[in-house]
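Listing of model-v6.cif, mmCIF, C-alpha atoms
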```
data_target
loop_
_atom_site.label_atom_id
_atom_site.label_comp_id
_atom_site.auth_asym_id
_atom_site.auth_seq_id
_atom_site.Cartn_x
_atom_site.Cartn_y
_atom_site.Cartn_z
CA MET A 8 14.19 -31.77 -7.89
CA PHE A 9 10.44 -32.48 -7.98
CA SER A 10 9.00 -35.95 -8.49
CA ASN A 11 5.89 -34.66 -10.24
CA THR A 12 3.97 -31.56 -11.35
CA LYS A 13 1.90 -31.47 -8.16
CA ASP A 14 5.05 -31.16 -6.05
CA ALA A 15 6.41 -28.38 -8.26
CA LEU A 16 3.09 -26.55 -8.04
CA CYS A 17 3.06 -26.86 -4.25
CA PHE A 18 6.53 -25.32 -4.07
CA TYR A 19 6.12 -22.60 -6.72
CA GLY A 20 2.34 -21.96 -6.89
CA ALA A 21 2.40 -18.80 -4.75
CA PRO A 22 5.38 -17.13 -6.50
CA LEU A 23 3.73 -17.92 -9.85
CA ALA A 24 0.52 -16.23 -8.69
CA LEU A 25 2.51 -13.15 -7.63
CA ILE A 26 4.29 -12.94 -11.01
CA LEU A 27 1.04 -13.38 -12.92
CA VAL A 28 -0.80 -10.62 -11.00
CA ALA A 29 2.22 -8.28 -11.24
CA LEU A 30 2.39 -8.75 -15.02
CA VAL A 31 -1.36 -8.10 -15.37
CA GLN A 32 -0.85 -4.96 -13.26
CA ILE A 33 1.90 -3.71 -15.61
CA TYR A 34 -0.46 -4.29 -18.54
CA LYS A 35 -3.25 -2.37 -16.79
CA VAL A 36 -0.92 0.52 -15.96
CA GLU A 37 0.05 0.76 -19.63
CA THR A 38 -3.41 0.30 -21.13
CA LEU A 39 -5.96 1.55 -18.56
CA GLY A 40 -3.92 4.22 -16.81
CA LEU A 41 -4.03 2.29 -13.50
CA THR A 42 -1.89 3.97 -10.85
CA PRO A 43 1.30 1.92 -10.25
CA TRP A 44 0.56 2.11 -6.49
CA LYS A 45 -2.39 -0.26 -6.85
CA GLY A 46 -3.21 -3.57 -8.50
CA GLY A 47 -0.64 -5.81 -6.78
CA GLY A 48 2.42 -4.88 -8.82
CA PHE A 49 4.44 -3.44 -5.90
CA GLY A 50 4.83 -0.01 -7.49
CA MET A 51 4.07 1.77 -4.21
CA PHE A 52 6.48 4.48 -3.04
CA ALA A 53 7.86 4.90 -6.57
CA PHE A 54 5.56 7.59 -7.96
CA ILE A 55 4.01 10.70 -6.43
CA ASP A 56 0.50 9.48 -5.60
CA SER A 57 -1.47 12.69 -5.89
CA ARG A 58 -4.35 12.13 -8.28
CA PHE A 59 -7.44 14.23 -7.71
CA LEU A 60 -10.69 14.81 -9.59
CA ARG A 61 -12.49 17.87 -10.82
CA LEU A 62 -16.06 17.85 -12.11
CA TRP A 63 -17.68 20.62 -14.12
CA ILE A 64 -21.17 21.24 -15.35
CA VAL A 65 -21.02 22.87 -18.77
CA VAL A 66 -23.80 24.75 -20.58
CA PRO A 67 -23.24 27.03 -23.56
CA GLN A 68 -20.90 29.84 -22.53
CA LYS A 69 -20.92 28.86 -18.89
CA GLU A 70 -19.28 26.24 -16.72
CA LEU A 71 -19.41 25.70 -13.01
CA PRO A 72 -17.39 23.42 -10.74
CA LEU A 73 -19.25 20.59 -9.05
CA GLU A 74 -18.50 19.30 -5.61
CA VAL A 75 -17.97 15.56 -5.51
CA PRO A 76 -19.99 14.04 -2.65
CA SER A 77 -17.74 11.88 -0.49
CA HIS A 78 -20.32 9.12 0.03
CA ILE A 79 -19.75 7.81 -3.50
CA ASP A 80 -16.19 6.85 -2.53
CA TRP A 81 -16.32 3.61 -4.56
CA GLN A 82 -16.81 5.50 -7.85
CA ILE A 83 -14.31 8.19 -6.82
CA GLU A 84 -11.59 5.64 -6.04
CA LYS A 85 -12.24 3.73 -9.23
CA ALA A 86 -12.19 6.81 -11.47
CA LYS A 87 -9.04 8.11 -9.76
CA ASN A 88 -7.06 4.87 -9.80
CA VAL A 89 -8.35 3.40 -13.07
CA PRO A 90 -9.41 6.39 -15.20
CA THR A 91 -11.14 4.56 -18.05
CA ILE A 92 -14.00 6.27 -19.86
CA GLY A 93 -16.42 3.76 -18.26
CA ASN A 94 -15.27 4.51 -14.72
CA MET A 95 -15.43 8.26 -15.31
CA ARG A 96 -18.93 7.93 -16.79
CA ARG A 97 -20.09 5.96 -13.76
CA LEU A 98 -18.69 8.70 -11.51
CA ALA A 99 -20.49 11.43 -13.48
CA ALA A 100 -23.71 9.41 -13.32
CA ALA A 101 -23.37 8.86 -9.57
CA VAL A 102 -22.79 12.57 -8.99
CA TRP A 103 -25.73 13.45 -11.18
CA GLU A 104 -28.03 10.93 -9.50
CA THR A 105 -27.45 12.54 -6.13
CA ARG A 106 -28.57 15.86 -7.65
CA HIS A 107 -25.54 17.22 -5.83
CA ALA A 108 -24.84 19.21 -8.98
CA ILE A 109 -27.71 21.51 -8.21
CA ARG A 110 -27.41 21.58 -4.43
CA SER A 111 -23.70 22.40 -4.42
CA ASN A 112 -24.47 25.48 -6.48
CA ALA A 113 -27.36 26.53 -4.27
CA ASN A 114 -25.69 29.89 -3.74
CA ASN A 115 -26.25 30.46 -7.44
CA MET A 116 -30.01 30.03 -7.45
CA GLU A 117 -30.37 31.66 -10.81
CA PHE A 118 -28.08 29.12 -12.37
CA ALA A 119 -29.77 26.24 -10.57
CA GLY A 120 -33.20 27.37 -11.72
CA PHE A 121 -31.93 27.81 -15.25
CA LEU A 122 -30.40 24.36 -15.22
CA LEU A 123 -33.53 22.65 -13.98
CA LYS A 124 -35.85 24.39 -16.41
CA SER A 125 -33.40 24.42 -19.31
CA GLN A 126 -34.23 22.55 -22.44
CA LEU A 127 -30.59 22.97 -23.48
CA ALA A 128 -28.34 19.94 -23.42
CA PHE A 129 -25.63 20.34 -20.85
CA THR A 130 -22.63 18.16 -20.17
CA ILE A 131 -20.73 16.97 -17.14
CA ARG A 132 -16.98 17.11 -17.61
CA VAL A 133 -14.81 14.84 -15.50
CA GLU A 134 -11.14 15.69 -15.19
CA LEU A 135 -8.34 13.76 -13.53
CA TRP A 136 -5.31 15.69 -12.34
CA GLU A 137 -2.03 14.82 -10.71
CA MET A 138 0.84 16.79 -9.18
CA GLU A 139 4.28 17.36 -10.49
CA LEU A 140 6.95 18.61 -8.11
CA GLU A 141 9.87 20.54 -9.54
CA SER A 142 12.60 19.14 -7.31
CA ASP A 143 14.95 22.11 -7.81
CA THR A 144 12.41 24.88 -7.06
CA GLY A 145 9.86 23.13 -4.81
CA ARG A 146 7.03 24.27 -7.06
CA LEU A 147 4.01 21.96 -7.15
CA ARG A 148 2.22 22.02 -10.50
CA PRO A 149 -1.10 20.38 -11.39
CA LYS A 150 -1.19 18.40 -14.64
CA ARG A 151 -4.43 17.18 -16.25
CA ILE A 152 -4.01 13.54 -17.23
CA ALA A 153 -7.53 12.55 -18.37
CA VAL A 154 -10.71 14.34 -19.37
CA HIS A 155 -14.10 13.06 -20.56
CA SER A 156 -17.48 14.76 -21.07
CA PHE A 157 -20.88 13.12 -20.65
CA VAL A 158 -24.42 14.23 -21.43
CA PRO A 159 -27.06 13.24 -18.84
CA GLY A 160 -29.84 11.38 -20.57
CA VAL A 161 -27.55 10.30 -23.39
CA HIS A 162 -24.54 8.69 -21.70
CA PHE A 163 -26.33 7.69 -18.50
CA MET B 9 8.01 -5.91 38.44
CA ASN B 10 10.26 -8.88 39.12
CA SER B 11 7.42 -11.34 38.70
CA LEU B 12 6.40 -9.59 35.47
CA CYS B 13 9.94 -10.06 34.12
CA LYS B 14 9.88 -13.71 35.15
CA GLU B 15 6.51 -14.21 33.45
CA PHE B 16 7.78 -12.53 30.28
CA ARG B 17 10.89 -14.72 30.25
CA ARG B 18 8.78 -17.85 30.74
CA SER B 19 6.47 -16.90 27.84
CA TRP B 20 9.43 -16.06 25.63
CA ASN B 21 11.07 -19.44 26.32
CA LYS B 22 7.77 -21.17 25.66
CA LEU B 23 7.56 -19.38 22.31
CA LEU B 24 11.06 -20.51 21.36
CA GLU B 25 10.25 -24.10 22.30
CA LEU B 26 7.34 -24.24 19.86
CA ASP B 27 7.65 -26.46 16.80
CA PRO B 28 9.17 -24.11 14.13
CA THR B 29 6.40 -24.75 11.60
CA ASP B 30 3.73 -24.18 14.25
CA LEU B 31 5.47 -20.96 15.29
CA LEU B 32 5.55 -19.76 11.69
CA ILE B 33 1.91 -20.63 11.09
CA LYS B 34 0.82 -18.89 14.29
CA ALA B 35 2.79 -15.78 13.34
CA THR B 36 1.11 -15.88 9.93
CA LEU B 37 -2.34 -15.95 11.58
CA LEU B 38 -1.38 -12.76 13.40
CA VAL B 39 -0.17 -11.14 10.18
CA ILE B 40 -3.46 -11.99 8.45
CA ILE B 41 -5.36 -10.11 11.16
CA PHE B 42 -3.05 -7.08 10.67
CA ASN B 43 -3.71 -7.23 6.92
CA SER B 44 -7.49 -7.48 7.02
CA ASN B 45 -8.54 -4.02 8.11
CA HIS B 46 -9.56 -2.90 4.59
CA ASP B 47 -12.78 -4.93 4.58
CA LYS B 48 -15.20 -5.26 7.48
CA ARG B 49 -16.54 -8.65 6.39
CA LEU B 50 -13.02 -10.02 5.92
CA LEU B 51 -11.94 -8.68 9.30
CA THR B 52 -14.95 -10.32 10.96
CA ALA B 53 -14.16 -13.65 9.31
CA VAL B 54 -10.46 -13.64 10.20
CA VAL B 55 -11.06 -12.41 13.74
CA ILE B 56 -13.18 -15.54 14.24
CA LEU B 57 -11.10 -18.03 12.24
CA CYS B 58 -7.54 -17.01 13.16
CA PRO B 59 -7.83 -17.21 16.97
CA LEU B 60 -9.66 -20.54 16.59
CA ALA B 61 -6.82 -21.89 14.46
CA PHE B 62 -4.22 -20.38 16.78
CA PHE B 63 -5.24 -22.74 19.58
CA ALA B 64 -6.36 -25.77 17.54
CA LYS B 65 -3.41 -27.56 15.96
CA ALA B 66 -5.72 -29.76 13.87
CA LEU B 67 -7.01 -26.60 12.25
CA HIS B 68 -3.83 -24.62 11.73
CA ARG B 69 -2.05 -27.64 10.28
CA SER B 70 -4.91 -28.37 7.88
CA ALA B 71 -4.40 -27.47 4.21
CA PRO B 72 -8.18 -27.06 3.52
CA PHE B 73 -8.38 -24.49 6.33
CA TRP B 74 -5.56 -22.50 4.73
CA PHE B 75 -7.15 -22.74 1.29
CA LEU B 76 -10.31 -21.34 2.88
CA LEU B 77 -8.36 -18.52 4.54
CA THR B 78 -6.63 -17.78 1.22
CA ALA B 79 -9.95 -17.74 -0.65
CA ILE B 80 -11.59 -15.38 1.85
CA GLN B 81 -8.70 -12.91 1.59
CA ALA B 82 -8.47 -13.26 -2.20
CA ILE B 83 -12.19 -12.48 -2.61
CA ALA B 84 -11.83 -9.35 -0.45
CA VAL B 85 -8.80 -8.19 -2.46
CA TYR B 86 -10.48 -8.95 -5.80
CA HIS B 87 -13.59 -7.06 -4.73
CA ARG B 88 -11.62 -3.82 -4.32
CA TRP B 89 -8.53 -4.62 -6.37
CA PHE B 90 -8.19 -1.03 -7.61
CA SER B 91 -7.71 0.45 -4.14
CA VAL B 92 -6.25 -2.17 -1.79
CA ASP B 93 -2.59 -1.89 -0.81
CA ASN B 94 0.02 -4.29 -2.08
CA HIS B 95 0.65 -5.98 1.27
CA LYS B 96 -2.94 -7.30 1.23
CA TYR B 97 -2.04 -9.11 -1.98
CA LEU B 98 1.14 -10.36 -0.31
CA SER B 99 -0.90 -11.75 2.58
CA VAL B 100 -2.97 -13.75 0.06
CA TYR B 101 0.16 -15.18 -1.60
CA TRP B 102 1.70 -16.13 1.73
CA SER B 103 -1.50 -17.84 2.93
CA PHE B 104 -1.61 -19.67 -0.40
CA ALA B 105 2.03 -20.72 0.14
CA VAL B 106 1.14 -22.09 3.59
CA ALA B 107 -1.84 -24.00 2.14
CA LEU B 108 0.30 -25.53 -0.61
CA ALA B 109 3.19 -26.29 1.76
CA LEU B 110 0.83 -28.26 4.00
CA CYS B 111 0.05 -30.47 0.99
CA THR B 112 3.69 -31.53 0.76
CA ARG B 113 5.68 -33.99 2.87
CA LYS B 114 8.15 -31.26 3.81
CA PRO B 115 6.13 -28.16 4.67
CA ASP B 116 9.12 -26.46 6.35
CA LYS B 117 11.20 -26.73 3.14
CA ALA B 118 8.33 -25.48 0.99
CA LEU B 119 7.76 -22.51 3.33
CA ALA B 120 11.47 -21.65 3.38
CA LEU B 121 11.62 -21.64 -0.41
CA ASN B 122 8.40 -19.60 -0.72
CA GLY B 123 9.56 -17.08 1.87
CA ARG B 124 12.81 -16.52 0.00
CA VAL B 125 11.32 -16.36 -3.52
CA LEU B 126 8.31 -14.21 -2.58
CA LEU B 127 10.56 -11.70 -0.80
CA GLY B 128 12.91 -11.63 -3.79
CA LEU B 129 10.03 -11.04 -6.20
CA VAL B 130 8.42 -8.29 -4.11
CA PHE B 131 11.69 -6.35 -4.00
CA ALA B 132 12.46 -7.05 -7.66
CA PHE B 133 9.13 -5.53 -8.80
CA ALA B 134 9.48 -2.64 -6.32
CA THR B 135 12.96 -1.87 -7.69
CA MET B 136 11.75 -2.11 -11.29
CA TRP B 137 9.00 0.48 -10.68
CA LYS B 138 11.39 2.84 -8.91
CA VAL B 139 13.93 2.67 -11.74
CA MET B 140 11.17 3.27 -14.32
CA SER B 141 9.58 6.19 -12.45
CA PRO B 142 10.44 9.72 -13.62
CA ASP B 143 9.40 11.05 -10.18
CA TYR B 144 11.67 8.76 -8.24
CA LEU B 145 15.27 8.95 -9.41
CA ASN B 146 15.36 12.77 -9.57
CA GLY B 147 14.46 12.94 -5.87
CA SER B 148 11.05 14.61 -6.26
CA PHE B 149 9.20 11.63 -4.82
CA PHE B 150 10.90 11.84 -1.42
CA GLN B 151 10.95 15.63 -1.46
CA TYR B 152 7.16 15.59 -1.97
CA HIS B 153 6.69 13.17 0.92
CA LEU B 154 9.08 14.99 3.26
CA LEU B 155 7.19 18.23 2.67
CA LEU B 156 3.60 16.99 2.57
CA ASP B 157 3.24 13.51 4.07
CA PHE B 158 2.87 13.84 7.86
CA ARG B 159 4.49 10.42 8.32
CA PHE B 160 7.75 11.95 7.05
CA TRP B 161 7.43 15.15 9.07
CA PRO B 162 9.57 13.97 11.99
CA MET B 163 12.40 13.38 9.51
CA ALA B 164 11.82 16.72 7.75
CA SER B 165 11.69 18.51 11.05
CA TRP B 166 14.41 16.77 13.10
CA LEU B 167 16.89 15.98 10.34
CA GLY B 168 15.92 18.56 7.72
CA GLY B 169 15.49 21.44 10.16
CA LEU B 170 12.15 22.60 8.71
CA PRO B 171 10.05 24.23 11.44
CA GLN B 172 6.70 22.63 12.22
CA GLU B 173 4.86 25.81 11.11
CA VAL B 174 6.42 25.54 7.64
CA LEU B 175 5.26 21.93 7.26
CA VAL B 176 1.74 22.82 8.39
CA ASP B 177 1.76 25.75 5.99
CA ASN B 178 2.80 23.50 3.09
CA ALA B 179 -0.02 21.10 3.94
CA ARG B 180 -2.50 23.98 4.02
CA LEU B 181 -1.39 25.16 0.56
CA TYR B 182 -1.68 21.61 -0.77
CA GLY B 183 -5.18 21.31 0.70
CA GLN B 184 -6.26 24.57 -0.94
CA MET B 185 -4.96 23.31 -4.26
CA THR B 186 -6.61 19.89 -4.23
CA MET B 187 -9.75 20.37 -2.16
CA SER B 188 -11.13 23.48 -3.79
CA SER B 189 -13.53 22.88 -6.67
CA GLY B 190 -12.20 25.40 -9.22
CA VAL B 191 -9.34 25.20 -11.70
CA PRO B 192 -6.28 23.74 -9.92
CA PHE B 193 -3.40 26.17 -9.53
CA SER B 194 0.29 25.71 -8.82
CA VAL B 195 1.77 26.47 -5.40
CA GLN B 196 5.25 27.18 -4.11
CA LEU B 197 6.19 24.85 -1.27
CA LYS B 198 8.69 25.95 1.31
CA SER B 199 11.70 23.68 1.34
CA SER B 200 15.44 23.83 1.99
CA LEU B 201 18.67 22.60 0.49
CA LEU B 202 19.00 20.11 3.32
CA ILE B 203 15.60 18.61 2.45
CA SER B 204 16.76 18.12 -1.16
CA TRP B 205 19.87 16.36 0.11
CA ILE B 206 17.88 14.13 2.45
CA ALA B 207 15.51 13.30 -0.44
CA GLN B 208 18.47 12.28 -2.61
CA ILE B 209 19.97 10.12 0.14
CA LEU B 210 16.62 8.41 0.80
CA THR B 211 16.12 7.85 -2.94
CA TRP B 212 19.41 6.06 -3.49
CA TRP B 213 19.47 4.28 -0.13
CA THR B 214 16.04 2.76 -0.80
CA VAL B 215 16.54 1.73 -4.41
CA VAL B 216 20.02 0.25 -3.84
CA LEU B 217 18.88 -1.63 -0.72
CA GLU B 218 15.76 -2.98 -2.46
CA ALA B 219 17.80 -4.09 -5.49
CA ALA B 220 20.34 -5.80 -3.22
CA ILE B 221 17.55 -7.61 -1.32
CA SER B 222 15.96 -8.84 -4.56
CA ILE B 223 19.32 -10.16 -5.78
CA VAL B 224 20.31 -11.99 -2.59
CA PHE B 225 16.85 -13.51 -2.09
CA LEU B 226 16.47 -14.66 -5.69
CA ALA B 227 20.04 -15.97 -6.00
CA PRO B 228 20.45 -19.73 -5.43
CA SER B 229 20.47 -20.26 -1.65
CA ARG B 230 23.89 -21.95 -1.66
CA ARG B 231 25.45 -18.81 -3.19
CA VAL B 232 24.35 -16.33 -0.50
CA SER B 233 24.39 -16.95 3.22
CA THR B 234 21.17 -16.70 5.19
CA PHE B 235 22.86 -14.18 7.45
CA THR B 236 23.50 -11.78 4.51
CA ARG B 237 19.86 -12.03 3.46
CA ASN B 238 18.65 -11.49 7.01
CA VAL B 239 20.89 -8.48 7.69
CA LEU B 240 19.70 -6.74 4.51
CA LEU B 241 16.06 -7.43 5.33
CA TRP B 242 16.44 -6.18 8.92
CA LEU B 243 18.22 -3.09 7.64
CA PHE B 244 15.35 -2.39 5.25
CA THR B 245 12.70 -3.05 7.90
CA LEU B 246 14.36 -0.85 10.49
CA THR B 247 15.25 2.06 8.20
CA THR B 248 11.87 2.07 6.46
CA TYR B 249 9.22 1.16 9.00
CA VAL B 250 10.71 3.17 11.84
CA TRP B 251 9.66 6.26 9.87
CA VAL B 252 6.60 4.86 8.10
CA PRO B 253 5.27 2.00 10.24
CA ILE B 254 3.06 0.09 7.83
CA ILE B 255 2.61 -2.81 10.20
CA GLY B 256 0.86 -5.11 7.69
CA PHE B 257 3.72 -4.89 5.23
CA ALA B 258 6.49 -5.04 7.84
CA SER B 259 5.01 -8.09 9.57
CA SER B 260 4.47 -9.93 6.26
CA LEU B 261 8.11 -9.38 5.28
CA LEU B 262 9.32 -10.47 8.73
CA VAL B 263 7.26 -13.69 8.72
CA MET B 264 8.63 -14.60 5.30
CA GLY B 265 12.12 -13.73 6.51
CA LEU B 266 11.63 -16.02 9.49
CA ALA B 267 10.40 -18.81 7.21
CA GLN B 268 13.59 -18.84 5.14
CA THR B 269 15.92 -18.83 8.16
CA GLU B 270 17.34 -22.26 9.00
CA LEU B 271 16.61 -23.75 12.43
CA SER B 272 20.32 -23.74 13.22
CA ARG B 273 20.31 -19.92 13.15
CA GLN B 274 18.59 -19.48 16.52
CA ARG B 275 19.91 -15.96 17.02
CA ASP B 276 18.49 -14.77 13.67
CA ARG B 277 15.15 -16.35 14.44
CA LYS B 278 15.04 -14.54 17.78
CA VAL B 279 15.69 -11.21 16.03
CA TYR B 280 12.76 -11.85 13.67
CA LEU B 281 10.48 -12.69 16.60
CA ILE B 282 11.53 -9.62 18.56
CA LEU B 283 10.88 -7.37 15.53
CA LEU B 284 7.51 -9.05 14.91
CA LEU B 285 6.37 -8.66 18.50
CA ALA B 286 7.73 -5.13 18.80
CA SER B 287 6.06 -3.82 15.63
CA PRO B 288 2.48 -3.33 16.97
CA VAL B 289 3.82 -1.75 20.18
CA TYR B 290 6.02 0.58 18.14
CA LEU B 291 3.09 1.55 15.90
CA LEU B 292 1.05 2.63 18.92
CA LEU B 293 3.92 4.67 20.36
CA TRP B 294 4.61 6.26 16.95
CA ARG B 295 0.96 7.28 16.49
CA LYS B 296 0.79 8.77 19.98
CA SER B 297 4.01 10.74 19.54
CA LEU B 298 2.93 12.08 16.12
CA GLN B 299 -0.37 13.18 17.63
CA TYR B 300 1.49 14.80 20.50
CA VAL B 301 4.23 16.57 18.51
CA PHE B 302 2.51 17.44 15.22
CA ASN B 303 -1.14 17.11 16.15
CA VAL B 304 -1.65 14.69 13.21
CA GLY B 305 -1.93 10.93 12.68
#
```
Rewritten as structure tokens:
Amino acid sequence: MFSNTKDALCFYGAPLALILVALVQIYKVETLGLTPWKGGGFGMFAFIDSRFLRLWIVVPQKELPLEVPSHIDWQIEKAKNVPTIGNMRRLAAAVWETRHAIRSNANNMEFAGFLLKSQLAFTIRVELWEMELESDTGRLRPKRIAVHSFVPGVHF
Amino acid sequence: MNSLCKEFRRSWNKLLELDPTDLLIKATLLVIIFNSNHDKRLLTAVVILCPLAFFAKALHRSAPFWFLLTAIQAIAVYHRWFSVDNHKYLSVYWSFAVALALCTRKPDKALALNGRVLLGLVFAFATMWKVMSPDYLNGSFFQYHLLLDFRFWPMASWLGGLPQEVLVDNARLYGQMTMSSGVPFSVQLKSSLLISWIAQILTWWTVVLEAAISIVFLAPSRRVSTFTRNVLLWLFTLTTYVWVPIIGFASSLLVMGLAQTELSRQRDRKVYLILLLASPVYLLLWRKSLQYVFNVG
């Protein structure tokens, strides 16, 4: 059908590129936890796309939720869609750098003051959750799918 | 009004008289603009390059220009590969197909083959993921979207009989669950038996139709008539994008569908053009009506 390799490449180059990217995407879904919706594998509209993040600041015997500032959307998207330990660490570091951790708990001044003066090591815990819908009852249940803890000053 | 109709008819005839490869390339330039809204720099580049190429034949028939357009889109996709939608990838492949086709002596044949194979592959991978998904085949995927995705609310409301207040209430519960910063808790969504039935019908309709499209587009062209392929693709486009008008995806599929339709099938080609031209107008009307009825969108 084709007189030479160049002709074959011109006819099948684009489909080959699609297959290659889709296979890499399957590999990333299996190994990195990439959401099937993303990465060019055409897995959109096949899974409930409902991942969300929770961040906690943890000191001995106490833990408080952290608000995730929306302006670090790059790190949020990356940690949500590709929840590797590296991406979650970068998210924790970005949240910490903004000092949002303290400001978002401003209503708890005692805790904020304690945290700033504390010589104790504290950790930031990053959790990734997704939804499960029970189709027969209509109950929506959260399910934790990844969790990693990081110590400011040690991990970032 | 009469002169407007005459003008429209004249423009339509002019469009049909265009060289088929030129028509396809010009439609592709339009699709690239639709698919470039995820990156400001990309959008700026294509908004300059595509209209230029639209009017300059030397440019839109030049392979290096298409390689450049492919590279610009590919860089933008690569830059944010973890969050861009699949149709942006598809736009890169189709631009690459145009660039490669222009390197051959028979660009129309190369484009026809690429249109058919790319469409077949897209639907084959989409079907594979749906069959593998635990959320999909038991109907929970569509139930979730009918109850919480505002794009599906017209269907949930008009066909499923769920009052608008119930849908808004479900969305509020979902927001409380995901947006609060404490420990996530489970919530009971309000649904109905009819919604479960609609979810099941949508589930099987979509997966069977997508599987059928992948088979007929990947089968040797002499085994399946172009008309069968076209009818299935139109059916998918109309039953999917009428409810969820993702214009970038719809227009990419339609351009590839047009590419694989022989010149002798004038009526089929007209249908593709009508759907392509109607899609942005429909999107605007859809957005306005959603805003009006549900106060969302």
Write down, as number ranges by chain, each residue of chain A that has any atom within 7 Å of an atom of chain B, counting only C-alpha atoms. A: 14, 17-18, 21-22, 25, 45-50, 53-55, 59, 61, 72-74, 84-85, 88, 140-142, 145-149
Write out as a VMD selection string which residues come within 7 Å of segment 239-245 of chain B when counting only C-alpha atoms, dropping same-chain ones fewer than 3 positions away. chain B and resid 217 221 235 to 236 248 to 249 258
Which of these residues is nearest to Gln268 of chain B, using only C-alpha atoms: B:Ala164, B:Leu226, B:Ala66, B:Val174? B:Leu226
Reference answer for the PyMOL selection byres ((chain A and resi 132) around 7), as JSON, numbers by chain: {"A": [62, 63, 64, 130, 131, 133, 134, 155, 156, 157]}
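Restricting the calculation to all atoms listed in the file, the smallest distance between Pro288 of chain B and any of B:Ala267, B:Phe257, B:Gln274, B:Thr29 is found for B:Phe257.
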What would segment 172-184 of chain B look like with N, CA and C atoms in place, written as a short mmCIF file (atom, residue, chain, number, x, y, z; two decimals), in the coordinates of the input?
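Once written, selection.cif looks like this:
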```cif
data_model
loop_
_atom_site.label_atom_id
_atom_site.label_comp_id
_atom_site.auth_asym_id
_atom_site.auth_seq_id
_atom_site.Cartn_x
_atom_site.Cartn_y
_atom_site.Cartn_z
N GLN B 172 8.03 23.26 12.29
CA GLN B 172 6.70 22.63 12.22
C GLN B 172 5.70 23.54 11.50
N GLU B 173 5.81 24.87 11.72
CA GLU B 173 4.86 25.81 11.11
C GLU B 173 4.97 25.77 9.57
N VAL B 174 6.20 25.59 9.09
CA VAL B 174 6.42 25.54 7.64
C VAL B 174 5.73 24.30 7.05
N LEU B 175 5.87 23.18 7.75
CA LEU B 175 5.26 21.93 7.26
C LEU B 175 3.74 22.05 7.25
N VAL B 176 3.20 22.63 8.31
CA VAL B 176 1.74 22.82 8.39
C VAL B 176 1.28 23.77 7.28
N ASP B 177 2.08 24.78 7.03
CA ASP B 177 1.76 25.75 5.99
C ASP B 177 1.74 25.09 4.60
N ASN B 178 2.75 24.24 4.35
CA ASN B 178 2.80 23.50 3.09
C ASN B 178 1.54 22.64 2.92
N ALA B 179 1.16 21.97 3.99
CA ALA B 179 -0.02 21.10 3.94
C ALA B 179 -1.28 21.91 3.66
N ARG B 180 -1.33 23.12 4.24
CA ARG B 180 -2.50 23.98 4.02
C ARG B 180 -2.58 24.40 2.54
N LEU B 181 -1.43 24.76 1.98
CA LEU B 181 -1.39 25.16 0.56
C LEU B 181 -1.84 24.00 -0.33
N TYR B 182 -1.34 22.81 -0.01
CA TYR B 182 -1.68 21.61 -0.77
C TYR B 182 -3.19 21.34 -0.69
N GLY B 183 -3.74 21.51 0.51
CA GLY B 183 -5.18 21.31 0.70
C GLY B 183 -5.99 22.29 -0.12
N GLN B 184 -5.55 23.54 -0.14
CA GLN B 184 -6.26 24.57 -0.94
C GLN B 184 -6.25 24.18 -2.41
#
```
